[in-house]
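Contents: one structure, followed by commentary.
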Amino acid sequence: MPEGPSIVILKEELALFKGKKVIEATGYAKADLTRLKGKKITAIKSWGKHLLICFKTCTVRIHLLLFGTYRINERKASNPTLRLSFDKDELNFYTCAVKIIDEPPDEVYDWEVDLLSDQWNPDKVLKLLKKVPDMLLCDALLNQDIFAGAGNIIKNEVLFRTHLHPLSKVGKLPLKKKKELIQEARQYSFDFLEWKKAYVLKKHWLAHTRKTCPRCHIPFIKAYLGMTQRRSFFCNNCQILYE
DNA sequence: ATACATGTTGGAGC
DNA sequence: GGCTCCAACATGTA
C-alpha cells in the first residue's frame, strides 16, 4: 500500500472532507482522540508517507506503515485504529500509527525534500546527499530526511533506471550521476502515482520482484542490503558500482 | 500453513 | 546518555 504516491492518492480522496466537523473520534490509537471532537478539518496534506489531517489547533498524523489500510464510508471487519465520524460520513484507518501534533505542519515538515511536493527542491536534496558520502545508495533512497516518500519499490526502480548499483556510495558518484539519481527519484514517483491510479503499477516494474534483467536478460540478484536489510533487486552487469 | 512484505518506532539491553 | 537490535503493528497475499 503505502509509499509516498499512495499517500498522495489518499490525500486526494480525502479532499472533500475539508471543512467537515468531526462529530466523534474513536479507535484504539493511543493518542488522545477526544480532543478532536467538534473540530473542523482545515486542510488535508501529505508529506512523504505521512497523511496530515489538519485542524486549527492541531494535526493528526497518520502513517500506514507496512500494512495499513483505510476505508471511506465503509468498514472492515476489524476494529479501526482511528475512526473519524462526521455528520454523514465516516473515515476508518486500520493498522497504522496515529499521532496528534500540536505544532503547525510548516514548522515540523520540510516540504523541499518531499518527492511529490510542489516545493520539492533538487538543490536541497543534493546538499543533503553531500553530507553523507559514506551512505550506500540503497540506504539513501530509503532515508526519509533526504527522499521523503520513497520506499522499497521506488528504491529498486530508481536504481535500475539510473544504472546504479545499490551498494554504491553516495560520495563516489560523479556529480552528473548524483543529479540524475535525484531527478529520477522525482520522475519515478510521479510515474508510480499515475500507474497506481490506473491500477497498472506492478506491470511496469522493471526490477522490483523481477527475476531477470529486462536489458541484458541475465538473472537479477536478490539480496537484503544496507542498514535496513530491505530487499534489493539489481543487475550486476548493467548497474554500476561506485565504491 | 507458513513465510514474507510498499515501514517505522519505542523500549530493552548493553 | 547513546547506540543497536528487534518486536510489534487487531494484515493480506502467495
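Here's how to read the names in the C-alpha cells: chain A, B, ... by the order shown, residue numbers from 1 in each chain, ligand numbers from 1 in the order shown.
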Discussion item. Set the distance at 9 Å and use only C-alpha atoms (C1' of nucleotides): which residues neighbour range 8-11 of chain B once local chain neighbours fewer than 4 positions away are removed? I'd like the list as a ChimeraX atom specification.
Written reply: /A:63,65-66,97
Hey, which bits of chain C sit within 10 Å of chain A, and for each residue what's the closest pair of atoms and how far apart in Å (one decimal), counting only C-alpha atoms (C1' of nucleotides), rows by chain and increasing number, as a tab-separated table?
residue	atom	partner	partner_atom	distance
C:DC9	C1'	A:Thr95	CA	6.2
C:DA10	C1'	A:Ser78	CA	6.4
C:DT11	C1'	A:Phe67	CA	5.8
C:DG12	C1'	A:Phe67	CA	7.9
Discussion item. Could you check the closest approach to chain B for each of A:Asn156, A:Asn121, A:Val113, A:Cys235 and tell me which residue wins, using only C-alpha atoms (C1' of nucleotides)?
Written reply: A:Asn156
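Atom pair CA of Lys177 in chain A / CA of Cys138 in chain A: separated by 15.0 Å.
Going from CA of Thr57 in chain A to CA of Asp102 in chain A covers 6.7 Å.
Using only C-alpha atoms (C1' of nucleotides), the chain A residues found within 7 Å of chain B amount to A:Met1, A:Pro2, A:Glu3, A:Leu65, A:Leu66, A:Gly151, A:Asn152, A:Ile153.
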Fill in: Atom pair CA of Val60 in chain A / CA of Ile9 in chain A: separation (Å)
17.5 Å
Discussion item. What parts of range 65-148 of chain A does DSSP call strand (DSSP E or B)? I'd like the answer as an MDAnalysis selection string.
Written reply: chainID A and resid 69:72 82:85 90:94 97:101 114 136 148
Those residues with N, CA and C atoms, as a compact mmCIF listing (two decimals), in the first residue's frame please?
# COMPACT_ATOMS: atom_id res chain seq x y z
N THR A 69 -4.31 0.22 6.13
CA THR A 69 -5.36 0.39 5.12
C THR A 69 -6.35 1.43 5.61
N TYR A 70 -7.26 1.80 4.73
CA TYR A 70 -8.29 2.75 5.12
C TYR A 70 -9.57 2.49 4.33
N ARG A 71 -10.67 2.98 4.84
CA ARG A 71 -11.95 2.89 4.15
C ARG A 71 -12.68 4.22 4.31
N ILE A 72 -13.30 4.65 3.23
CA ILE A 72 -14.09 5.87 3.27
C ILE A 72 -15.55 5.48 3.16
N LEU A 82 -8.18 4.26 14.02
CA LEU A 82 -8.82 5.58 14.14
C LEU A 82 -10.07 5.63 13.29
N ARG A 83 -11.15 6.08 13.89
CA ARG A 83 -12.37 6.34 13.13
C ARG A 83 -12.77 7.79 13.37
N LEU A 84 -12.93 8.54 12.28
CA LEU A 84 -13.45 9.89 12.38
C LEU A 84 -14.88 9.87 11.84
N SER A 85 -15.83 10.23 12.71
CA SER A 85 -17.23 10.26 12.30
C SER A 85 -17.65 11.69 12.04
N GLU A 90 -17.86 8.93 7.22
CA GLU A 90 -17.02 8.23 8.18
C GLU A 90 -15.71 7.85 7.53
N LEU A 91 -14.63 8.05 8.28
CA LEU A 91 -13.29 7.67 7.81
C LEU A 91 -12.72 6.63 8.75
N ASN A 92 -12.22 5.53 8.20
CA ASN A 92 -11.64 4.48 9.04
C ASN A 92 -10.21 4.18 8.60
N PHE A 93 -9.34 4.14 9.58
CA PHE A 93 -7.93 3.80 9.33
C PHE A 93 -7.57 2.58 10.17
N TYR A 94 -6.89 1.62 9.53
CA TYR A 94 -6.56 0.36 10.20
C TYR A 94 -5.05 0.12 10.21
N ALA A 97 -0.05 4.03 12.42
CA ALA A 97 0.45 4.80 13.56
C ALA A 97 -0.21 6.17 13.52
N VAL A 98 -0.83 6.54 14.62
CA VAL A 98 -1.55 7.82 14.69
C VAL A 98 -0.91 8.69 15.76
N LYS A 99 -0.65 9.93 15.40
CA LYS A 99 -0.08 10.85 16.38
C LYS A 99 -0.73 12.22 16.19
N ILE A 100 -0.99 12.88 17.28
CA ILE A 100 -1.53 14.24 17.19
C ILE A 100 -0.39 15.22 17.42
N ILE A 101 -0.21 16.12 16.46
CA ILE A 101 0.89 17.07 16.50
C ILE A 101 0.34 18.45 16.83
N ASP A 114 10.16 16.53 0.16
CA ASP A 114 9.03 15.65 -0.19
C ASP A 114 8.99 15.48 -1.70
N LEU A 136 25.28 4.22 1.64
CA LEU A 136 25.01 3.42 0.44
C LEU A 136 23.76 3.95 -0.24
N ALA A 148 11.90 12.00 1.06
CA ALA A 148 10.65 11.72 1.76
C ALA A 148 9.61 11.18 0.80
Practice prompt. Determine which residues of range 15-239 of chain A DSSP labels as helix (DSSP H, G or I) from the backbone of this structure, then write them out as an MDAnalysis selection string.
Written response: chainID A and resid 15:17 33:36 105:108 111:113 122:130 137:140 152:161 170:172 175:197 202:204
Practice prompt. Skip His208 in chain A itself and residues of its chain fewer than 6 positions away, then list as a PyMOL selection string all residues within 12 Å of it, counting only C-alpha atoms (C1' of nucleotides).
Written response: (chain A and resi 151-161+201-202+214+220-223+230-235) or (chain B and resi 6)
Written file, previous selection with N, CA, C and O atoms (P, O5', C5', C4', C3', O3' and C1' of nucleotides), as a short mmCIF file (atom, residue, chain, number, x, y, z; two decimals), in the first residue's frame:
data_model
loop_
_atom_site.label_atom_id
_atom_site.label_comp_id
_atom_site.auth_asym_id
_atom_site.auth_seq_id
_atom_site.Cartn_x
_atom_site.Cartn_y
_atom_site.Cartn_z
N GLY A 151 10.03 4.59 -1.06
CA GLY A 151 10.01 3.32 -0.34
C GLY A 151 10.79 2.29 -1.12
O GLY A 151 11.54 2.64 -2.05
N ASN A 152 10.60 1.04 -0.77
CA ASN A 152 11.44 0.00 -1.34
C ASN A 152 11.23 -0.20 -2.84
O ASN A 152 12.16 -0.53 -3.56
N ILE A 153 10.01 -0.01 -3.30
CA ILE A 153 9.75 -0.14 -4.74
C ILE A 153 10.45 0.98 -5.48
O ILE A 153 11.18 0.75 -6.46
N ILE A 154 10.24 2.19 -5.02
CA ILE A 154 10.87 3.35 -5.66
C ILE A 154 12.39 3.19 -5.66
O ILE A 154 13.05 3.44 -6.66
N LYS A 155 12.92 2.72 -4.54
CA LYS A 155 14.36 2.50 -4.45
C LYS A 155 14.86 1.58 -5.56
O LYS A 155 15.76 1.92 -6.31
N ASN A 156 14.25 0.43 -5.66
CA ASN A 156 14.71 -0.55 -6.65
C ASN A 156 14.54 -0.05 -8.08
O ASN A 156 15.42 -0.25 -8.93
N GLU A 157 13.43 0.59 -8.35
CA GLU A 157 13.17 1.07 -9.72
C GLU A 157 14.09 2.22 -10.09
O GLU A 157 14.59 2.28 -11.22
N VAL A 158 14.31 3.13 -9.18
CA VAL A 158 15.17 4.28 -9.48
C VAL A 158 16.61 3.83 -9.71
O VAL A 158 17.28 4.30 -10.63
N LEU A 159 17.08 2.89 -8.90
CA LEU A 159 18.45 2.42 -9.08
C LEU A 159 18.61 1.69 -10.40
O LEU A 159 19.63 1.82 -11.09
N PHE A 160 17.58 0.97 -10.79
CA PHE A 160 17.67 0.28 -12.09
C PHE A 160 17.62 1.28 -13.23
O PHE A 160 18.42 1.21 -14.17
N ARG A 161 16.72 2.22 -13.15
CA ARG A 161 16.59 3.23 -14.22
C ARG A 161 17.87 4.03 -14.41
O ARG A 161 18.19 4.44 -15.52
N LEU A 201 0.41 -0.44 -11.75
CA LEU A 201 1.76 -0.20 -11.22
C LEU A 201 2.67 -1.42 -11.40
O LEU A 201 3.76 -1.33 -11.95
N LYS A 202 2.18 -2.56 -10.95
CA LYS A 202 3.02 -3.76 -10.92
C LYS A 202 3.59 -4.12 -12.29
O LYS A 202 4.75 -4.52 -12.40
N PRO A 214 15.62 -6.92 -17.68
CA PRO A 214 14.98 -6.69 -18.97
C PRO A 214 15.94 -6.11 -20.01
O PRO A 214 15.63 -6.12 -21.20
N PHE A 220 18.58 -11.39 -12.26
CA PHE A 220 18.77 -10.34 -11.27
C PHE A 220 19.36 -10.95 -10.00
O PHE A 220 19.14 -12.12 -9.70
N ILE A 221 20.06 -10.14 -9.22
CA ILE A 221 20.46 -10.53 -7.88
C ILE A 221 19.37 -10.06 -6.92
O ILE A 221 18.89 -8.93 -7.03
N LYS A 222 18.98 -10.94 -6.01
CA LYS A 222 18.07 -10.54 -4.94
C LYS A 222 18.86 -10.62 -3.64
O LYS A 222 19.41 -11.68 -3.32
N ALA A 223 18.93 -9.53 -2.92
CA ALA A 223 19.70 -9.52 -1.68
C ALA A 223 19.11 -8.53 -0.69
O ALA A 223 18.45 -7.57 -1.10
N ARG A 230 16.65 -4.33 3.53
CA ARG A 230 15.44 -4.47 2.71
C ARG A 230 15.80 -5.13 1.38
O ARG A 230 16.94 -5.03 0.92
N ARG A 231 14.79 -5.72 0.76
CA ARG A 231 15.01 -6.44 -0.49
C ARG A 231 15.53 -5.52 -1.59
O ARG A 231 14.95 -4.47 -1.85
N SER A 232 16.59 -5.98 -2.22
CA SER A 232 17.09 -5.25 -3.38
C SER A 232 17.11 -6.20 -4.57
O SER A 232 17.52 -7.36 -4.44
N PHE A 233 16.65 -5.72 -5.71
CA PHE A 233 16.70 -6.48 -6.95
C PHE A 233 17.56 -5.66 -7.91
O PHE A 233 17.22 -4.51 -8.19
N PHE A 234 18.63 -6.26 -8.38
CA PHE A 234 19.52 -5.47 -9.25
C PHE A 234 20.31 -6.37 -10.18
O PHE A 234 20.40 -7.59 -9.97
N CYS A 235 20.88 -5.74 -11.20
CA CYS A 235 21.64 -6.44 -12.21
C CYS A 235 23.11 -6.11 -12.04
O CYS A 235 23.51 -4.95 -12.14
P DT B 6 8.98 -5.31 -0.32
"O5'" DT B 6 8.65 -3.79 -0.03
"C5'" DT B 6 7.38 -3.35 -0.28
"C4'" DT B 6 7.37 -1.84 -0.21
"C3'" DT B 6 6.95 -1.30 1.15
"O3'" DT B 6 7.28 0.10 1.18
"C1'" DT B 6 5.23 -0.99 -0.38
#
Item to complete: Excluding range 19-23 of chain A and residues on its chain fewer than 3 positions from it, collect all residues at most 9 Å away from it, counting only C-alpha atoms (C1' of nucleotides), and give them as a list in words.
Response: Leu16, Leu36, Lys37, Gly38, Lys39, Lys40, Ile41, Thr42, Ala43, Leu84, Ser85, Phe86 and Asp87 of chain A
Discussion item. I want to know what sits within 10 Å of Cys238 in chain A, based on only C-alpha atoms (C1' of nucleotides), with residues of the same chain fewer than 2 positions away left out; could you give that as a VMD selection string?
Written reply: chain A and resid 160 162 to 165 213 215 to 216 218 234 to 236 240 to 241
